[in-house]
$ cat my_file39.cif   # mmCIF, C-alpha atoms
data_data
#
loop_
_atom_site.label_atom_id
_atom_site.label_comp_id
_atom_site.auth_asym_id
_atom_site.auth_seq_id
_atom_site.Cartn_x
_atom_site.Cartn_y
_atom_site.Cartn_z
CA MET R 1 61.49 -0.03 76.68
CA LEU R 2 61.73 3.75 76.32
CA GLN R 3 61.40 5.12 72.80
CA LEU R 4 62.84 8.52 71.98
CA THR R 5 64.56 10.44 69.22
CA ASN R 6 68.12 11.74 69.02
CA ASP R 7 66.66 15.23 69.54
CA HIS R 8 65.05 14.12 72.82
CA ARG R 9 68.32 12.57 73.95
CA ASP R 10 70.32 15.66 72.96
CA SER R 11 67.79 17.92 74.71
CA MET R 12 68.16 15.99 77.99
CA ILE R 13 71.96 16.12 77.80
CA ALA R 14 71.91 19.86 76.94
CA THR R 15 69.61 20.60 79.91
CA CYS R 16 71.98 18.75 82.22
CA VAL R 17 75.09 20.46 80.83
CA ARG R 18 73.46 23.88 81.20
CA ALA R 19 72.65 23.11 84.85
CA LEU R 20 76.30 22.42 85.76
CA PRO R 21 77.72 22.49 88.38
CA ASP R 22 74.27 21.47 89.69
CA GLU R 23 72.33 18.41 88.68
CA GLY R 24 69.97 19.06 85.77
CA CYS R 25 66.44 17.65 85.52
CA GLY R 26 63.20 17.57 83.58
CA LEU R 27 60.11 15.57 82.70
CA LEU R 28 59.19 13.23 79.87
CA LEU R 29 55.77 13.56 78.26
CA GLY R 30 54.57 10.70 76.14
CA THR R 31 52.35 7.66 75.88
CA SER R 32 51.78 4.83 78.34
CA SER R 33 53.60 2.50 75.93
CA GLY R 34 56.84 4.38 76.64
CA GLU R 35 57.07 6.57 73.56
CA VAL R 36 58.43 10.01 74.44
CA ALA R 37 56.66 12.90 72.68
CA ARG R 38 58.37 15.80 74.38
CA VAL R 39 61.15 16.61 76.83
CA VAL R 40 60.30 19.38 79.33
CA ALA R 41 63.33 20.93 81.04
CA SER R 42 62.96 22.13 84.62
CA PRO R 43 65.07 24.29 86.88
CA ASN R 44 66.61 22.26 89.69
CA VAL R 45 65.02 24.03 92.66
CA ALA R 46 67.38 22.18 95.01
CA HIS R 47 70.28 24.11 93.35
CA SER R 48 72.64 21.29 94.22
CA ALA R 49 75.28 19.09 92.61
CA LYS R 50 74.05 16.16 94.70
CA ILE R 51 70.26 16.38 94.68
CA TYR R 52 67.58 17.59 92.31
CA GLU R 53 63.99 18.67 92.60
CA ILE R 54 61.66 19.50 89.72
CA GLU R 55 60.19 23.02 89.93
CA PRO R 56 56.58 22.50 91.17
CA LYS R 57 55.23 25.02 88.63
CA VAL R 58 56.88 23.10 85.78
CA MET R 59 55.27 19.93 87.10
CA LEU R 60 51.82 21.59 87.11
CA ARG R 61 52.25 23.05 83.63
CA ALA R 62 53.54 19.76 82.22
CA SER R 63 50.61 17.90 83.75
CA ARG R 64 48.09 20.30 82.18
CA GLU R 65 49.82 20.24 78.80
CA ALA R 66 49.90 16.46 78.87
CA ASP R 67 46.15 16.35 79.61
CA ALA R 68 45.43 18.82 76.80
CA GLU R 69 47.53 16.86 74.29
CA GLY R 70 46.27 13.40 75.25
CA LEU R 71 49.68 12.54 76.72
CA GLU R 72 50.92 11.60 80.18
CA ILE R 73 53.94 12.44 82.26
CA ILE R 74 55.75 9.14 81.76
CA GLY R 75 59.03 9.82 83.48
CA VAL R 76 61.75 12.07 84.75
CA PHE R 77 65.39 12.57 83.83
CA HIS R 78 68.23 13.98 85.89
CA SER R 79 71.99 14.06 85.81
CA HIS R 80 74.68 12.63 87.99
CA THR R 81 77.56 15.03 87.53
CA HIS R 82 80.36 12.84 88.89
CA SER R 83 78.95 9.34 89.16
CA GLU R 84 77.59 6.65 86.90
CA ALA R 85 74.16 6.66 85.24
CA TYR R 86 72.53 4.41 87.84
CA PRO R 87 69.78 5.34 90.35
CA SER R 88 71.17 6.31 93.76
CA PRO R 89 69.56 5.11 97.02
CA THR R 90 67.89 8.57 97.17
CA ASP R 91 66.52 8.14 93.65
CA ILE R 92 65.13 4.72 94.52
CA ARG R 93 63.61 5.78 97.84
CA GLN R 94 61.97 8.87 96.38
CA ALA R 95 60.81 7.43 93.04
CA PRO R 96 57.29 8.90 92.85
CA ASP R 97 55.52 6.57 90.44
CA PRO R 98 56.09 2.85 89.67
CA GLY R 99 54.73 3.44 86.15
CA TRP R 100 57.40 5.98 85.26
CA HIS R 101 60.65 5.69 83.32
CA TYR R 102 63.68 7.03 85.22
CA VAL R 103 66.39 8.35 82.91
CA LEU R 104 69.87 9.01 84.27
CA VAL R 105 72.33 11.21 82.40
CA SER R 106 75.90 10.78 83.59
CA LEU R 107 78.23 13.67 82.80
CA ARG R 108 81.18 11.96 84.48
CA ASP R 109 82.63 10.90 81.15
CA VAL R 110 82.65 12.34 77.65
CA PRO R 111 80.45 11.63 75.78
CA ALA R 112 77.58 11.68 78.30
CA VAL R 113 75.96 8.34 79.14
CA VAL R 114 72.14 8.09 79.07
CA ARG R 115 70.38 5.05 80.57
CA SER R 116 66.78 4.32 81.57
CA TYR R 117 65.33 2.33 84.46
CA ARG R 118 62.05 1.22 85.98
CA ILE R 119 61.86 1.52 89.78
CA ARG R 120 59.11 -0.51 91.46
CA GLY R 121 58.92 -1.18 95.17
CA GLY R 122 62.62 -0.38 95.59
CA GLU R 123 63.63 -2.74 92.75
CA VAL R 124 65.64 -1.23 89.91
CA THR R 125 65.50 -2.73 86.41
CA GLU R 126 67.38 -1.25 83.48
CA GLU R 127 65.41 -1.00 80.25
CA GLU R 128 66.39 -0.57 76.64
CA ILE R 129 66.35 2.90 75.10
CA ALA R 130 65.23 2.68 71.46
CA ILE R 131 66.36 5.68 69.43
CA GLY R 132 63.98 6.38 66.54
CA HIS R 133 64.08 8.96 63.79
CA GLU R 134 62.21 12.24 63.74
CA MET G 1 28.99 23.52 92.80
CA SER G 2 31.89 22.08 94.73
CA PRO G 3 35.66 22.22 94.34
CA VAL G 4 37.23 19.51 92.22
CA VAL G 5 40.49 17.74 93.08
CA ARG G 6 42.59 16.43 90.20
CA ILE G 7 44.24 13.13 91.13
CA PRO G 8 47.71 12.15 89.80
CA THR G 9 48.16 8.81 88.05
CA VAL G 10 50.13 7.32 90.93
CA LEU G 11 47.25 7.83 93.41
CA ARG G 12 44.39 6.76 91.14
CA PRO G 13 44.49 3.02 91.92
CA ALA G 14 43.97 3.86 95.61
CA MET G 15 41.17 6.34 94.83
CA GLY G 16 38.76 4.32 92.74
CA GLY G 17 40.63 4.99 89.48
CA GLN G 18 39.20 8.50 89.31
CA ASN G 19 40.93 11.45 87.60
CA GLU G 20 38.85 13.99 89.49
CA ILE G 21 36.97 13.92 92.77
CA ALA G 22 34.44 16.54 93.93
CA VAL G 23 34.91 17.53 97.57
CA SER G 24 33.13 19.73 100.11
CA GLY G 25 36.00 21.07 102.26
CA THR G 26 36.77 24.79 102.28
CA THR G 27 40.47 24.53 103.19
CA ILE G 28 43.26 22.31 101.85
CA GLY G 29 43.58 20.65 105.27
CA ALA G 30 39.87 19.78 105.35
CA ILE G 31 39.96 18.48 101.77
CA LEU G 32 43.00 16.22 102.34
CA THR G 33 41.40 14.86 105.51
CA GLU G 34 38.15 14.30 103.59
CA LEU G 35 39.99 12.37 100.85
CA THR G 36 41.92 10.27 103.38
CA THR G 37 38.67 9.40 105.18
CA ALA G 38 36.95 8.45 101.92
CA TYR G 39 39.98 6.54 100.57
CA PRO G 40 41.90 5.10 103.55
CA ALA G 41 44.42 3.50 101.14
CA VAL G 42 46.03 6.94 100.68
CA THR G 43 46.64 7.39 104.42
CA GLY G 44 50.20 8.64 104.86
CA GLN G 45 50.49 9.75 101.23
CA LEU G 46 48.67 13.10 101.51
CA LEU G 47 49.39 14.06 105.09
CA SER G 48 52.39 13.08 107.22
CA GLU G 49 51.95 11.26 110.53
CA ASP G 50 52.17 14.59 112.36
CA GLY G 51 49.28 15.95 110.29
CA SER G 52 51.39 18.26 108.10
CA LEU G 53 51.34 18.32 104.32
CA HIS G 54 53.36 15.38 103.00
CA ARG G 55 56.88 16.38 101.95
CA TYR G 56 56.61 14.65 98.58
CA LEU G 57 53.20 15.94 97.57
CA ASN G 58 52.65 19.22 95.72
CA VAL G 59 49.20 20.75 96.15
CA TYR G 60 47.93 23.64 94.06
CA VAL G 61 44.81 25.79 94.21
CA ASN G 62 44.27 26.73 90.58
CA ASP G 63 47.79 27.89 89.54
CA ASP G 64 49.27 28.45 92.98
CA ASP G 65 51.33 26.16 95.19
CA VAL G 66 49.57 26.01 98.59
CA ARG G 67 52.91 26.34 100.37
CA TYR G 68 52.64 30.03 99.40
CA LEU G 69 48.95 30.29 100.31
CA GLY G 70 49.07 29.24 103.96
CA GLY G 71 49.58 25.49 103.52
CA LEU G 72 46.79 23.42 105.05
CA ASP G 73 44.93 26.61 105.95
CA ALA G 74 44.75 27.73 102.28
CA ALA G 75 41.16 28.61 101.43
CA VAL G 76 39.35 26.75 98.64
CA ALA G 77 36.23 28.23 97.03
CA GLU G 78 33.60 26.09 95.33
CA THR G 79 34.75 27.16 91.86
CA ASP G 80 38.42 26.34 92.56
CA GLU G 81 40.37 23.46 91.10
CA VAL G 82 42.80 21.69 93.42
CA THR G 83 45.60 19.66 91.81
CA LEU G 84 47.67 17.00 93.58
CA LEU G 85 50.99 16.04 91.98
CA PRO G 86 54.01 14.16 93.26
CA ALA G 87 57.04 16.23 94.22
CA VAL G 88 59.78 14.84 92.00
CA ALA G 89 63.18 14.75 93.64
CA GLY G 90 66.26 12.60 94.08
CA GLY G 91 69.92 12.82 93.27
CA ALA G 92 73.35 11.27 93.51
CA ASN G 93 73.62 12.04 97.22
#
$ encode --input "my_file39.cif" --output "structure tokens"
Amino acid sequence: MLQLTNDHRDSMIATCVRALPDEGCGLLLGTSSGEVARVVASPNVAHSAKIYEIEPKVMLRASREADAEGLEIIGVFHSHTHSEAYPSPTDIRQAPDPGWHYVLVSLRDVPAVVRSYRIRGGEVTEEEIAIGHE
Amino acid sequence: MSPVVRIPTVLRPAMGGQNEIAVSGTTIGAILTELTTAYPAVTGQLLSEDGSLHRYLNVYVNDDDVRYLGGLDAAVAETDEVTLLPAVAGGAN
């Protein structure tokens, strides 16, 4: 289960809308139990509507901030601009960490659809997103 | 003193669970080879089969991405901190 607030969810959607027509992306900082503490937006250095890549400098800064705050990078979010909120074969093949939460934001429909998955050894499992209060 | 390499969560199980490893190499290429020799379980995750830096690994010397410092030839001094992090990419394609 991934726990986040409405603000976190809105922040991910806003990052993805701002990135249009490209895919938007960013990192999730939080605890190993799946509680998101902070959403860190990243430029999509692939500058593409079909692929994304987190800016390496954002990755480094997020990693250091997580260490300093006693948090971890627990996942990544990105948008699919014209397809459903489900990991693509590229997402599955390139999933960097089996411990992470993979959040997909689909902007195909209004309102945006946000879903979260675990990806382990090529196996995709959807997980519940629990929205808490600030 | 020797340079320290910070290990990302995803590689820790294959590297004795350590967050940081002290190394003796003076270039990124030497350090990645040293780590692969010491922890054979990470073979293929740091360097590609052709010996180049793995496409999905970001390596930094202090604050700088080694791709802008000469790649595997990037120099590492004994007071430097090397950070390994996964390159995070994917997409609808």
$ resolve_selection --input "my_file39.cif" --expression "the PyMOL selection byres ((chain G) within 9 of (chain R))" --output "PyMOL selection string"
chain G and resi 8-11+56+58+60+63-65+83-93
$ resolve_selection --input "my_file39.cif" --expression "the PyMOL selection byres ((chain G and resi 30-47) around 12)" --output "PyMOL selection string"
(chain R and resi 96) or (chain G and resi 2-8+10-18+20-29+48-59+61+71-78+81-87)
$ residues_around --input "my_file39.cif" --residues "segment 111-118 of chain R" --least-positions-apart "3" --cutoff "7 Å" --atoms "only C-alpha atoms" --output "PDB file with C-alpha atoms, in the frame of the given file"
ATOM      1  CA  ALA R  85      74.160   6.660  85.240  1.00  0.00           C
ATOM      2  CA  TRP R 100      57.400   5.980  85.260  1.00  0.00           C
ATOM      3  CA  HIS R 101      60.650   5.690  83.320  1.00  0.00           C
ATOM      4  CA  TYR R 102      63.680   7.030  85.220  1.00  0.00           C
ATOM      5  CA  VAL R 103      66.390   8.350  82.910  1.00  0.00           C
ATOM      6  CA  LEU R 104      69.870   9.010  84.270  1.00  0.00           C
ATOM      7  CA  VAL R 105      72.330  11.210  82.400  1.00  0.00           C
ATOM      8  CA  SER R 106      75.900  10.780  83.590  1.00  0.00           C
ATOM      9  CA  LEU R 107      78.230  13.670  82.800  1.00  0.00           C
ATOM     10  CA  VAL R 124      65.640  -1.230  89.910  1.00  0.00           C
ATOM     11  CA  THR R 125      65.500  -2.730  86.410  1.00  0.00           C
ATOM     12  CA  GLU R 126      67.380  -1.250  83.480  1.00  0.00           C
ATOM     13  CA  GLU R 127      65.410  -1.000  80.250  1.00  0.00           C
ATOM     14  CA  GLU R 128      66.390  -0.570  76.640  1.00  0.00           C
ATOM     15  CA  ILE R 129      66.350   2.900  75.100  1.00  0.00           C
TER      16      ILE R 129
END
$ closest_residue --input "my_file39.cif" --among "R:Ala41, R:Ile119, R:Ala62, R:Val36" --to "Leu4 of chain R" --atoms "all atoms listed in the file"
R:Val36
$ resolve_selection --input "my_file39.cif" --expression "the PyMOL selection byres ((chain R and resi 3) around 10)" --output "ChimeraX atom specification"
/R:1-2,4-5,8,30-31,33-37,128-132
$ closest_residue --input "my_file39.cif" --among "R:Val58, R:Val39, R:Gly121, R:Arg108" --to "Asp10 of chain R" --atoms "all atoms listed in the file"
R:Val39
$ atom_distance --input "my_file39.cif" --atom1 "atom CA of Thr79 of chain G" --atom2 "atom CA of Ala66 of chain R"
22.6 Å
$ atom_distance --input "my_file39.cif" --atom1 "atom CA of Leu71 of chain R" --atom2 "atom CA of Ser32 of chain R"
8.2 Å
$ atom_distance --input "my_file39.cif" --atom1 "atom CA of Arg9 of chain R" --atom2 "atom CA of Leu28 of chain R"
10.9 Å
$ axis_aligned_box --input "my_file39.cif" --around "segment 28-42 of chain G" --padding-each-side "5 Å" --output "lines of an AutoDock Vina configuration file"
center_x = 41.5
center_y = 12.9
center_z = 103.0
size_x = 19.1
size_y = 28.8
size_z = 14.9
$ decode --input "my_file39.cif" --residues "chain G" --atoms "C-alpha atoms" --output "compact mmCIF listing (two decimals), in the first residue's frame"
# COMPACT_ATOMS: atom_id res chain seq x y z
CA MET G 1 42.31 8.19 3.66
CA SER G 2 40.58 6.56 0.72
CA PRO G 3 37.62 7.50 -1.46
CA VAL G 4 34.24 6.30 -0.29
CA VAL G 5 31.54 4.91 -2.59
CA ARG G 6 27.92 5.38 -1.54
CA ILE G 7 25.84 2.34 -2.50
CA PRO G 8 22.16 2.64 -3.53
CA THR G 9 19.53 0.54 -1.76
CA VAL G 10 18.99 -1.70 -4.77
CA LEU G 11 22.65 -2.83 -4.84
CA ARG G 12 23.14 -3.26 -1.08
CA PRO G 13 21.97 -6.88 -0.83
CA ALA G 14 24.65 -7.85 -3.37
CA MET G 15 27.32 -5.79 -1.59
CA GLY G 16 27.19 -7.06 1.96
CA GLY G 17 24.35 -4.73 2.96
CA GLN G 18 26.76 -1.81 3.18
CA ASN G 19 25.76 1.84 2.61
CA GLU G 20 29.34 2.90 1.96
CA ILE G 21 32.45 1.09 0.81
CA ALA G 22 36.01 2.46 0.98
CA VAL G 23 37.98 1.81 -2.20
CA SER G 24 41.54 2.33 -3.42
CA GLY G 25 41.09 3.06 -7.16
CA THR G 26 42.04 6.46 -8.55
CA THR G 27 39.66 6.46 -11.54
CA ILE G 28 35.97 5.56 -11.84
CA GLY G 29 36.86 2.65 -14.13
CA ALA G 30 39.32 1.22 -11.59
CA ILE G 31 36.82 1.66 -8.74
CA LEU G 32 33.95 -0.07 -10.57
CA THR G 33 36.26 -2.93 -11.52
CA GLU G 34 37.45 -3.14 -7.90
CA LEU G 35 33.84 -3.32 -6.64
CA THR G 36 32.88 -5.96 -9.22
CA THR G 37 35.90 -8.07 -8.23
CA ALA G 38 35.08 -7.76 -4.52
CA TYR G 39 31.32 -8.34 -5.04
CA PRO G 40 30.89 -10.60 -8.10
CA ALA G 41 27.08 -10.53 -7.60
CA VAL G 42 27.04 -7.02 -9.11
CA THR G 43 28.74 -8.16 -12.33
CA GLY G 44 26.83 -6.65 -15.24
CA GLN G 45 25.15 -4.02 -13.06
CA LEU G 46 28.01 -1.50 -12.89
CA LEU G 47 29.76 -2.11 -16.18
CA SER G 48 28.26 -3.39 -19.43
CA GLU G 49 29.59 -6.53 -21.12
CA ASP G 50 31.75 -4.36 -23.38
CA GLY G 51 33.36 -2.74 -20.34
CA SER G 52 31.57 0.62 -20.65
CA LEU G 53 29.63 2.33 -17.89
CA HIS G 54 26.23 0.65 -17.53
CA ARG G 55 23.46 2.60 -19.28
CA TYR G 56 21.18 2.50 -16.24
CA LEU G 57 23.71 3.51 -13.62
CA ASN G 58 24.47 7.12 -12.71
CA VAL G 59 27.89 7.69 -11.15
CA TYR G 60 28.91 10.95 -9.51
CA VAL G 61 32.18 12.25 -8.11
CA ASN G 62 31.05 14.58 -5.35
CA ASP G 63 28.35 16.66 -7.14
CA ASP G 64 29.29 15.89 -10.73
CA ASP G 65 28.00 13.25 -13.12
CA VAL G 66 31.05 11.33 -14.41
CA ARG G 67 29.64 11.40 -17.94
CA TYR G 68 30.82 15.03 -17.94
CA LEU G 69 34.16 14.24 -16.28
CA GLY G 70 35.57 11.73 -18.76
CA GLY G 71 33.43 8.70 -17.88
CA LEU G 72 35.48 5.73 -16.70
CA ASP G 73 38.64 7.84 -16.91
CA ALA G 74 37.29 10.40 -14.40
CA ALA G 75 39.88 10.94 -11.67
CA VAL G 76 38.99 10.22 -8.04
CA ALA G 77 41.06 11.71 -5.20
CA GLU G 78 41.26 10.13 -1.77
CA THR G 79 39.00 12.78 -0.25
CA ASP G 80 36.30 12.38 -2.93
CA GLU G 81 32.90 10.81 -2.44
CA VAL G 82 31.60 8.64 -5.27
CA THR G 83 27.85 8.03 -5.42
CA LEU G 84 26.15 5.26 -7.41
CA LEU G 85 22.44 5.68 -8.16
CA PRO G 86 20.11 3.97 -10.59
CA ALA G 87 19.20 5.89 -13.73
CA VAL G 88 15.42 6.09 -13.56
CA ALA G 89 13.71 5.88 -16.92
CA GLY G 90 10.77 4.30 -18.72
CA GLY G 91 7.71 5.47 -20.54
CA ALA G 92 4.65 4.58 -22.56
CA ASN G 93 6.72 3.67 -25.61
